[in-house]
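Asker: Okay, so here is entry.txt, and as you'll see once you scroll down, it has compact mmCIF, C-alpha atoms.
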# COMPACT_ATOMS: atom_id res chain seq x y z
CA MET A 194 -0.80 7.74 18.13
CA THR A 195 -1.86 9.02 21.55
CA GLU A 196 -0.15 10.66 24.52
CA SER A 197 0.11 7.25 26.15
CA THR A 198 2.00 5.74 23.21
CA LYS A 199 5.58 4.85 24.07
CA VAL A 200 8.07 5.55 21.28
CA LEU A 201 11.69 4.37 21.29
CA ILE A 202 14.11 5.80 18.74
CA THR A 203 17.63 4.47 18.27
CA GLY A 204 20.39 6.69 16.93
CA ALA A 205 19.13 9.70 18.88
CA SER A 206 22.35 11.67 18.39
CA GLY A 207 22.29 11.21 14.62
CA LEU A 208 20.60 13.30 11.96
CA LEU A 209 17.34 11.41 11.54
CA GLY A 210 17.06 9.97 15.04
CA SER A 211 17.53 13.31 16.79
CA ASN A 212 14.92 15.00 14.64
CA LEU A 213 12.40 12.21 15.12
CA VAL A 214 12.93 12.45 18.89
CA ARG A 215 12.32 16.22 18.65
CA HIS A 216 9.19 15.51 16.61
CA TYR A 217 7.67 12.91 18.94
CA ALA A 218 8.75 14.31 22.32
CA PRO A 219 5.94 16.93 22.52
CA LEU A 220 3.36 14.39 21.36
CA THR A 221 3.93 11.31 23.48
CA HIS A 222 6.31 9.44 25.80
CA CYS A 223 9.53 9.36 23.78
CA THR A 224 12.87 7.74 24.59
CA GLY A 225 15.99 8.13 22.49
CA TRP A 226 19.01 5.84 22.60
CA TYR A 227 22.40 7.25 21.66
CA GLY A 228 25.81 5.59 21.36
CA ARG A 229 29.01 7.52 21.95
CA ASN A 230 27.62 11.04 21.66
CA PRO A 231 25.31 12.17 24.50
CA VAL A 232 22.37 14.30 23.47
CA ASN A 233 19.67 16.12 25.43
CA ILE A 234 16.36 16.83 23.71
CA ALA A 235 13.59 18.74 25.46
CA GLY A 236 10.66 16.59 26.56
CA ALA A 237 12.40 13.29 25.83
CA THR A 238 14.33 10.76 27.85
CA THR A 239 17.72 10.08 26.26
CA LEU A 240 19.86 7.14 27.33
CA SER A 241 23.22 5.65 26.40
CA MET A 242 22.80 2.23 24.81
CA ASP A 243 25.16 -0.08 22.95
CA ILE A 244 22.76 -1.59 20.41
CA THR A 245 25.16 -4.52 19.87
CA ASP A 246 24.80 -5.54 23.55
CA ARG A 247 21.84 -7.90 23.28
CA SER A 248 21.30 -8.43 27.00
CA SER A 249 21.17 -4.67 27.70
CA VAL A 250 18.89 -4.05 24.72
CA SER A 251 16.56 -6.86 25.72
CA ARG A 252 16.33 -5.73 29.35
CA ALA A 253 15.61 -2.13 28.35
CA ILE A 254 12.89 -3.06 25.87
CA GLN A 255 11.26 -5.55 28.23
CA ALA A 256 11.24 -2.95 31.01
CA ASP A 257 9.83 -0.07 28.94
CA ARG A 258 7.77 -2.10 26.41
CA PRO A 259 7.51 0.66 23.80
CA ASN A 260 4.59 0.52 21.37
CA LEU A 261 6.74 1.79 18.51
CA ILE A 262 10.47 1.34 17.86
CA ILE A 263 12.07 3.41 15.10
CA HIS A 264 15.52 2.06 14.33
CA CYS A 265 17.76 4.83 12.98
CA ALA A 266 21.11 3.83 14.52
CA ALA A 267 23.67 2.63 11.99
CA ALA A 268 27.23 2.95 10.80
CA THR A 269 26.53 5.07 7.71
CA ASP A 270 30.02 6.01 6.50
CA VAL A 271 30.17 4.09 3.22
CA GLU A 272 33.97 4.17 3.05
CA TRP A 273 34.31 2.96 6.67
CA CYS A 274 31.89 0.09 6.05
CA GLU A 275 33.93 -0.96 3.01
CA ARG A 276 37.11 -1.07 5.13
CA ASN A 277 35.49 -2.68 8.19
CA PRO A 278 32.92 -5.19 6.93
CA GLU A 279 32.76 -7.32 10.09
CA LEU A 280 32.28 -4.37 12.44
CA ALA A 281 29.73 -2.89 10.06
CA LYS A 282 27.84 -6.20 10.03
CA THR A 283 27.73 -6.29 13.82
CA ILE A 284 26.25 -2.78 14.01
CA ASN A 285 24.10 -2.63 10.90
CA GLU A 286 22.90 -6.20 10.60
CA ASP A 287 23.21 -8.27 13.77
CA ALA A 288 21.82 -5.49 15.99
CA THR A 289 19.00 -4.76 13.55
CA GLU A 290 17.93 -8.40 13.35
CA PHE A 291 17.85 -8.70 17.13
CA LEU A 292 15.80 -5.50 17.50
CA ALA A 293 13.30 -6.68 14.89
CA GLU A 294 12.93 -10.03 16.63
CA THR A 295 12.60 -8.46 20.07
CA THR A 296 10.00 -5.98 18.85
CA ALA A 297 7.97 -8.73 17.21
CA ALA A 298 8.06 -10.76 20.42
CA ILE A 299 6.36 -7.98 22.42
CA GLY A 300 3.92 -7.11 19.63
CA SER A 301 5.20 -3.60 18.96
CA LYS A 302 5.52 -1.75 15.66
CA PHE A 303 9.03 -1.74 14.17
CA VAL A 304 10.31 0.83 11.67
CA PHE A 305 13.63 0.11 9.97
CA THR A 306 15.42 2.88 8.08
CA SER A 307 17.14 1.50 5.02
CA THR A 308 18.61 3.62 2.21
CA ASP A 309 18.03 4.75 -1.37
CA SER A 310 21.44 3.34 -2.28
CA VAL A 311 20.16 -0.25 -2.34
CA PHE A 312 19.82 0.26 -6.12
CA ASP A 313 22.54 0.24 -8.78
CA GLY A 314 21.61 3.72 -9.99
CA ILE A 315 21.37 2.86 -13.67
CA SER A 316 17.75 3.79 -14.32
CA GLY A 317 16.48 5.91 -11.38
CA ASN A 318 12.84 6.51 -10.39
CA TYR A 319 12.85 3.23 -8.47
CA SER A 320 9.61 1.92 -7.03
CA GLU A 321 9.17 -0.38 -4.05
CA ASN A 322 8.77 -3.28 -6.51
CA ASP A 323 12.10 -2.79 -8.28
CA PRO A 324 14.76 -5.36 -7.29
CA PRO A 325 17.69 -3.93 -5.32
CA GLN A 326 21.19 -4.18 -6.76
CA PRO A 327 23.65 -2.80 -4.17
CA LEU A 328 27.09 -1.64 -5.30
CA ASN A 329 28.91 -1.42 -1.96
CA SER A 330 29.16 -3.16 1.40
CA TYR A 331 26.98 -0.66 3.28
CA ALA A 332 24.12 -0.95 0.80
CA ALA A 333 24.43 -4.74 0.61
CA GLY A 334 23.99 -4.93 4.37
CA LYS A 335 20.85 -2.81 4.17
CA VAL A 336 19.42 -5.08 1.48
CA ARG A 337 20.04 -8.15 3.61
CA MET A 338 18.33 -6.50 6.56
CA GLU A 339 15.30 -5.47 4.51
CA SER A 340 14.72 -9.16 3.83
CA VAL A 341 15.49 -10.28 7.40
CA VAL A 342 13.29 -7.62 9.03
CA ALA A 343 10.36 -8.48 6.76
CA SER A 344 10.82 -12.17 7.59
CA VAL A 345 11.10 -11.96 11.39
CA ASN A 346 8.64 -9.06 11.77
CA PRO A 347 6.06 -9.11 8.92
CA GLU A 348 4.27 -5.99 10.22
CA ALA A 349 7.46 -3.92 10.16
CA LEU A 350 7.73 -0.78 8.06
CA ILE A 351 10.92 -0.53 5.99
CA ILE A 352 11.80 2.99 4.84
CA ARG A 353 14.11 3.83 1.94
CA SER A 354 15.10 7.47 1.75
CA TYR A 355 17.73 10.18 1.34
CA PHE A 356 17.15 12.82 4.00
CA TYR A 357 18.72 16.08 5.08
CA GLY A 358 18.37 18.62 7.88
CA TYR A 359 20.05 19.90 11.03
CA SER A 360 21.86 17.47 13.35
CA PRO A 361 23.32 17.80 16.87
CA ALA A 362 26.83 17.42 15.46
CA GLY A 363 26.17 19.92 12.67
CA THR A 364 27.94 17.66 10.19
CA ARG A 365 25.52 14.86 9.37
CA SER A 366 23.66 15.99 6.25
CA LEU A 367 24.41 17.28 2.77
CA LEU A 368 22.62 20.52 3.62
CA GLU A 369 24.86 21.10 6.65
CA TRP A 370 27.96 20.28 4.62
CA VAL A 371 26.98 22.78 1.92
CA LEU A 372 26.16 25.54 4.42
CA THR A 373 29.29 24.97 6.53
CA ARG A 374 31.55 25.29 3.51
CA ALA A 375 29.70 28.21 1.91
CA GLN A 376 29.34 30.22 5.10
CA SER A 377 33.08 29.75 5.77
CA GLY A 378 33.93 31.07 2.31
CA ASN A 379 35.11 27.70 0.98
CA GLU A 380 34.35 26.22 -2.43
CA VAL A 381 31.27 23.99 -2.56
CA PRO A 382 31.83 21.14 -5.04
CA GLY A 383 28.61 19.46 -6.18
CA PHE A 384 28.16 16.27 -8.17
CA THR A 385 26.44 16.96 -11.48
CA ASP A 386 26.09 13.21 -12.22
CA SER A 387 24.62 11.97 -8.91
CA TYR A 388 20.81 12.17 -8.65
CA ILE A 389 18.62 11.88 -5.55
CA THR A 390 15.07 12.58 -4.34
CA PRO A 391 16.00 14.21 -1.01
CA ILE A 392 13.44 14.75 1.75
CA SER A 393 13.84 17.12 4.70
CA VAL A 394 13.71 15.60 8.17
CA THR A 395 10.57 17.66 8.88
CA ASP A 396 8.79 16.23 5.84
CA PHE A 397 10.15 12.78 6.71
CA ALA A 398 8.52 12.94 10.16
CA THR A 399 5.19 14.02 8.67
CA ALA A 400 5.31 11.21 6.10
CA LEU A 401 6.28 8.64 8.72
CA ASP A 402 3.33 9.69 10.90
CA ALA A 403 0.97 9.19 7.97
CA ALA A 404 2.43 5.75 7.22
CA ILE A 405 2.20 4.62 10.84
CA ASN A 406 -1.34 5.95 11.25
CA SER A 407 -2.39 4.11 8.10
CA LYS A 408 -0.89 0.90 9.54
CA SER A 409 1.45 0.57 6.57
CA SER A 410 3.99 -2.26 6.51
CA GLY A 411 6.62 -3.50 4.09
CA LEU A 412 8.68 -1.24 1.86
CA LEU A 413 7.98 2.47 1.53
CA HIS A 414 9.96 5.14 -0.33
CA LEU A 415 10.09 8.57 1.31
CA GLY A 416 11.40 11.27 -0.98
CA SER A 417 10.71 14.45 -2.88
CA LYS A 418 8.36 14.80 -5.81
CA ASP A 419 11.24 15.62 -8.15
CA SER A 420 14.69 14.19 -8.78
CA ILE A 421 17.70 16.50 -8.56
CA SER A 422 21.49 16.32 -8.90
CA LYS A 423 23.55 16.99 -5.80
CA PHE A 424 24.96 20.03 -7.60
CA GLU A 425 21.45 21.45 -8.11
CA PHE A 426 20.55 20.60 -4.52
CA ALA A 427 23.54 22.61 -3.31
CA ARG A 428 22.50 25.46 -5.55
CA LEU A 429 18.98 25.55 -4.11
CA VAL A 430 20.31 25.42 -0.54
CA MET A 431 22.80 28.22 -1.16
CA GLU A 432 20.16 30.40 -2.81
CA ARG A 433 17.65 29.84 0.02
CA TYR A 434 20.22 30.67 2.73
CA GLY A 435 21.71 33.65 0.90
CA CYS A 436 25.18 32.21 0.28
CA ASP A 437 27.80 33.46 -2.17
CA MET A 438 26.88 31.55 -5.35
CA SER A 439 30.35 32.01 -6.84
CA LEU A 440 31.60 29.35 -4.39
CA LEU A 441 29.55 26.59 -6.08
CA ARG A 442 31.59 24.34 -8.37
CA PRO A 443 30.35 21.45 -10.56
CA ILE A 444 32.30 18.19 -10.40
CA SER A 445 31.84 14.54 -11.39
CA VAL A 446 31.67 11.59 -9.00
CA ASP A 447 34.66 10.24 -10.93
CA ASP A 448 36.74 13.19 -9.72
CA ALA A 449 36.04 12.68 -6.01
CA GLY A 450 38.59 9.94 -5.32
CA LEU A 451 36.07 7.65 -3.59
CA ASN A 452 36.98 4.00 -3.06
CA ALA A 453 33.55 2.42 -2.57
CA ASN A 454 31.30 2.18 -5.63
CA ARG A 455 28.31 4.48 -5.53
CA PRO A 456 25.15 4.44 -7.62
CA ARG A 457 24.66 7.50 -9.85
CA ASP A 458 20.86 7.81 -9.80
CA THR A 459 19.03 6.64 -6.68
CA SER A 460 15.91 8.73 -7.28
CA LEU A 461 12.83 7.10 -5.76
CA ASN A 462 9.30 6.82 -7.10
CA VAL A 463 6.99 8.21 -4.40
CA GLN A 464 3.56 7.27 -5.76
CA LEU A 465 2.85 4.97 -2.82
CA LEU A 466 3.83 7.72 -0.38
CA GLU A 467 1.49 10.15 -2.15
CA THR A 468 -1.35 7.63 -1.86
CA ILE A 469 -0.74 7.39 1.89
CA LEU A 470 -0.47 11.18 2.26
CA GLY A 471 -3.50 11.82 0.08
CA SER A 472 -1.57 14.68 -1.53
CA PRO A 473 1.54 15.29 -3.66
CA ALA A 474 4.94 14.90 -2.05
CA SER A 475 6.91 18.11 -1.53
CA THR A 476 9.29 19.26 -4.23
CA VAL A 477 12.95 19.67 -3.32
CA ARG A 478 12.57 23.44 -3.22
CA GLU A 479 9.50 23.19 -0.98
CA GLY A 480 11.32 20.78 1.35
CA ILE A 481 14.25 23.16 1.76
CA ASP A 482 11.82 26.02 2.42
CA HIS A 483 9.96 23.94 5.04
CA LEU A 484 13.18 23.17 6.85
CA ALA A 485 14.50 26.72 6.72
CA ALA A 486 11.22 28.13 8.02
CA LEU A 487 10.32 25.58 10.71
CA SER A 488 13.47 24.01 12.10
CA THR A 489 15.92 25.32 14.66
CA PRO A 490 19.48 24.01 14.39
CA PHE A 491 20.78 21.97 17.32
CA HIS A 492 24.04 23.93 17.29
As structure tokens, please, write out the structure in this file.
Answerer:
Amino acid sequence: MTESTKVLITGASGLLGSNLVRHYAPLTHCTGWYGRNPVNIAGATTLSMDITDRSSVSRAIQADRPNLIIHCAAATDVEWCERNPELAKTINEDATEFLAETTAAIGSKFVFTSTDSVFDGISGNYSENDPPQPLNSYAAGKVRMESVVASVNPEALIIRSYFYGYSPAGTRSLLEWVLTRAQSGNEVPGFTDSYITPISVTDFATALDAAINSKSSGLLHLGSKDSISKFEFARLVMERYGCDMSLLRPISVDDAGLNANRPRDTSLNVQLLETILGSPASTVREGIDHLAALSTPFH
């Protein structure tokens, strides 16, 4: 990637999109599209864009002709997607398919951000070759789009991940949720039976750079070296940020009153990522340390 490379990132007001815009803005010409929540990021151009408006999307892409499009925009509230399947399809599927087709037509690189929850969570340590088995509407839509994106844009890179960090809204990641509750003196319930391989947004950006520079395509899992329960993740965050540890409380997913089914173990195998990086992936503890040391909150 050079200074003349044009990068377009959708979902620029969200957790991942905003941090990728912050990452690429000092390096190259970077544009971020946001929906309802305006965001200003130093060094980048940020624009309001309804990604479901095909004519507006097409005109903007044809005018700017970005070399790289990273598609982060999505309706990610699992419960909302379960209640509003048609709206969720319009945002998460129809818009994604059109972006993938449009990007392929102008010969640009397309990166689609999927999710670790495409799996049923029975075994964990899932590799890129393991068949997805989604348990809810949101995950099923992501699985459909993985197949569609690969079909209409064979050179696309499809990322599965569970990421955390600081967002413009201050409410978009598990880390922010833990810190907001703990620093306000509220109990921090953590699932002891839900396992993930979380990656910080700073490590995500580094890994994505390596994958793009290596001209990777197809499925790629971005995650931590080790698997961890959400309870243990909260514990590590609270310890690193000096929170009152007596506020941490273990609970089961069964006790949370959630309507949509959720997989219990979506830990990802990151051997392919480590091959691309040429080094081991960060551990969860290292990822939290990297974020705490290097990132500045938006709020």
Asker: Please list as a ChimeraX atom specification every residue within 7 Å of region 428-444 of chain A, counting only C-alpha atoms and excluding residues in the same chain fewer than 5 positions away.
Answerer: /A:368,375-376,379-385,478,481
Asker: Could you name the residues that touch Gly334 (chain A) at 12 Å or less, counting only C-alpha atoms, but leaving out those on the same chain fewer than 2 positions away, as a PDB file with C-alpha atoms, in the frame of the given file?
Answerer:
ATOM      1  CA  ALA A 267      23.670   2.630  11.990  1.00  0.00           C
ATOM      2  CA  ALA A 268      27.230   2.950  10.800  1.00  0.00           C
ATOM      3  CA  THR A 269      26.530   5.070   7.710  1.00  0.00           C
ATOM      4  CA  VAL A 271      30.170   4.090   3.220  1.00  0.00           C
ATOM      5  CA  CYS A 274      31.890   0.090   6.050  1.00  0.00           C
ATOM      6  CA  GLU A 275      33.930  -0.960   3.010  1.00  0.00           C
ATOM      7  CA  PRO A 278      32.920  -5.190   6.930  1.00  0.00           C
ATOM      8  CA  GLU A 279      32.760  -7.320  10.090  1.00  0.00           C
ATOM      9  CA  LEU A 280      32.280  -4.370  12.440  1.00  0.00           C
ATOM     10  CA  ALA A 281      29.730  -2.890  10.060  1.00  0.00           C
ATOM     11  CA  LYS A 282      27.840  -6.200  10.030  1.00  0.00           C
ATOM     12  CA  THR A 283      27.730  -6.290  13.820  1.00  0.00           C
ATOM     13  CA  ILE A 284      26.250  -2.780  14.010  1.00  0.00           C
ATOM     14  CA  ASN A 285      24.100  -2.630  10.900  1.00  0.00           C
ATOM     15  CA  GLU A 286      22.900  -6.200  10.600  1.00  0.00           C
ATOM     16  CA  ASP A 287      23.210  -8.270  13.770  1.00  0.00           C
ATOM     17  CA  ALA A 288      21.820  -5.490  15.990  1.00  0.00           C
ATOM     18  CA  THR A 289      19.000  -4.760  13.550  1.00  0.00           C
ATOM     19  CA  GLU A 290      17.930  -8.400  13.350  1.00  0.00           C
ATOM     20  CA  SER A 307      17.140   1.500   5.020  1.00  0.00           C
ATOM     21  CA  THR A 308      18.610   3.620   2.210  1.00  0.00           C
ATOM     22  CA  SER A 310      21.440   3.340  -2.280  1.00  0.00           C
ATOM     23  CA  VAL A 311      20.160  -0.250  -2.340  1.00  0.00           C
ATOM     24  CA  PRO A 325      17.690  -3.930  -5.320  1.00  0.00           C
ATOM     25  CA  GLN A 326      21.190  -4.180  -6.760  1.00  0.00           C
ATOM     26  CA  PRO A 327      23.650  -2.800  -4.170  1.00  0.00           C
ATOM     27  CA  LEU A 328      27.090  -1.640  -5.300  1.00  0.00           C
ATOM     28  CA  ASN A 329      28.910  -1.420  -1.960  1.00  0.00           C
ATOM     29  CA  SER A 330      29.160  -3.160   1.400  1.00  0.00           C
ATOM     30  CA  TYR A 331      26.980  -0.660   3.280  1.00  0.00           C
ATOM     31  CA  ALA A 332      24.120  -0.950   0.800  1.00  0.00           C
ATOM     32  CA  VAL A 336      19.420  -5.080   1.480  1.00  0.00           C
ATOM     33  CA  ARG A 337      20.040  -8.150   3.610  1.00  0.00           C
ATOM     34  CA  MET A 338      18.330  -6.500   6.560  1.00  0.00           C
ATOM     35  CA  GLU A 339      15.300  -5.470   4.510  1.00  0.00           C
ATOM     36  CA  SER A 340      14.720  -9.160   3.830  1.00  0.00           C
ATOM     37  CA  VAL A 341      15.490 -10.280   7.400  1.00  0.00           C
ATOM     38  CA  VAL A 342      13.290  -7.620   9.030  1.00  0.00           C
TER      39      VAL A 342
END
Asker: Which protein, DNA or RNA residues have an atom at most 10 Å from (26.3, 21.2, 10.0), counting all atoms listed in the file? List them as a PDB file with C-alpha atoms, in the frame of the given file.
Answerer:
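As written to disk, part-v4.pdb reads:
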ATOM      1  CA  LEU A 208      20.600  13.300  11.960  1.00  0.00           C
ATOM      2  CA  GLY A 358      18.370  18.620   7.880  1.00  0.00           C
ATOM      3  CA  TYR A 359      20.050  19.900  11.030  1.00  0.00           C
ATOM      4  CA  SER A 360      21.860  17.470  13.350  1.00  0.00           C
ATOM      5  CA  PRO A 361      23.320  17.800  16.870  1.00  0.00           C
ATOM      6  CA  ALA A 362      26.830  17.420  15.460  1.00  0.00           C
ATOM      7  CA  GLY A 363      26.170  19.920  12.670  1.00  0.00           C
ATOM      8  CA  THR A 364      27.940  17.660  10.190  1.00  0.00           C
ATOM      9  CA  ARG A 365      25.520  14.860   9.370  1.00  0.00           C
ATOM     10  CA  SER A 366      23.660  15.990   6.250  1.00  0.00           C
ATOM     11  CA  LEU A 367      24.410  17.280   2.770  1.00  0.00           C
ATOM     12  CA  LEU A 368      22.620  20.520   3.620  1.00  0.00           C
ATOM     13  CA  GLU A 369      24.860  21.100   6.650  1.00  0.00           C
ATOM     14  CA  TRP A 370      27.960  20.280   4.620  1.00  0.00           C
ATOM     15  CA  VAL A 371      26.980  22.780   1.920  1.00  0.00           C
ATOM     16  CA  LEU A 372      26.160  25.540   4.420  1.00  0.00           C
ATOM     17  CA  THR A 373      29.290  24.970   6.530  1.00  0.00           C
ATOM     18  CA  ARG A 374      31.550  25.290   3.510  1.00  0.00           C
ATOM     19  CA  PRO A 490      19.480  24.010  14.390  1.00  0.00           C
ATOM     20  CA  PHE A 491      20.780  21.970  17.320  1.00  0.00           C
ATOM     21  CA  HIS A 492      24.040  23.930  17.290  1.00  0.00           C
TER      22      HIS A 492
END
Asker: Please measure the separation of CA of Glu467 (chain A) and CA of Ile405 (chain A), giving the value in Å to one decimal.
Answerer: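 These atoms are spaced 14.1 Å apart.
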Asker: So what do you get for CA of Ser387 (chain A) versus CA of Arg457 (chain A), distance-wise?
Answerer: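 That distance, rounded to one decimal, is 4.6 Å.
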Asker: Taking (5.8, 4.4, -2.5) in the file's own coordinates, collect the residues within 8 Å, counting all atoms listed in the file, and hand them back as a list in words.
Answerer: Ser320, Glu321, Leu412, Leu413, His414, Leu415, Asn462, Val463, Gln464, Leu465, Leu466, Glu467 and Thr468 of chain A
Asker: Within 12 Å of Asp402 (chain A), counting all atoms listed in the file, which residues qualify if same-chain residues fewer than 2 places away don't, as a PyMOL selection string?
Answerer: chain A and resi 194-195+213+216-217+220+261+263+304+350+395-400+404-409+415+466+469-470
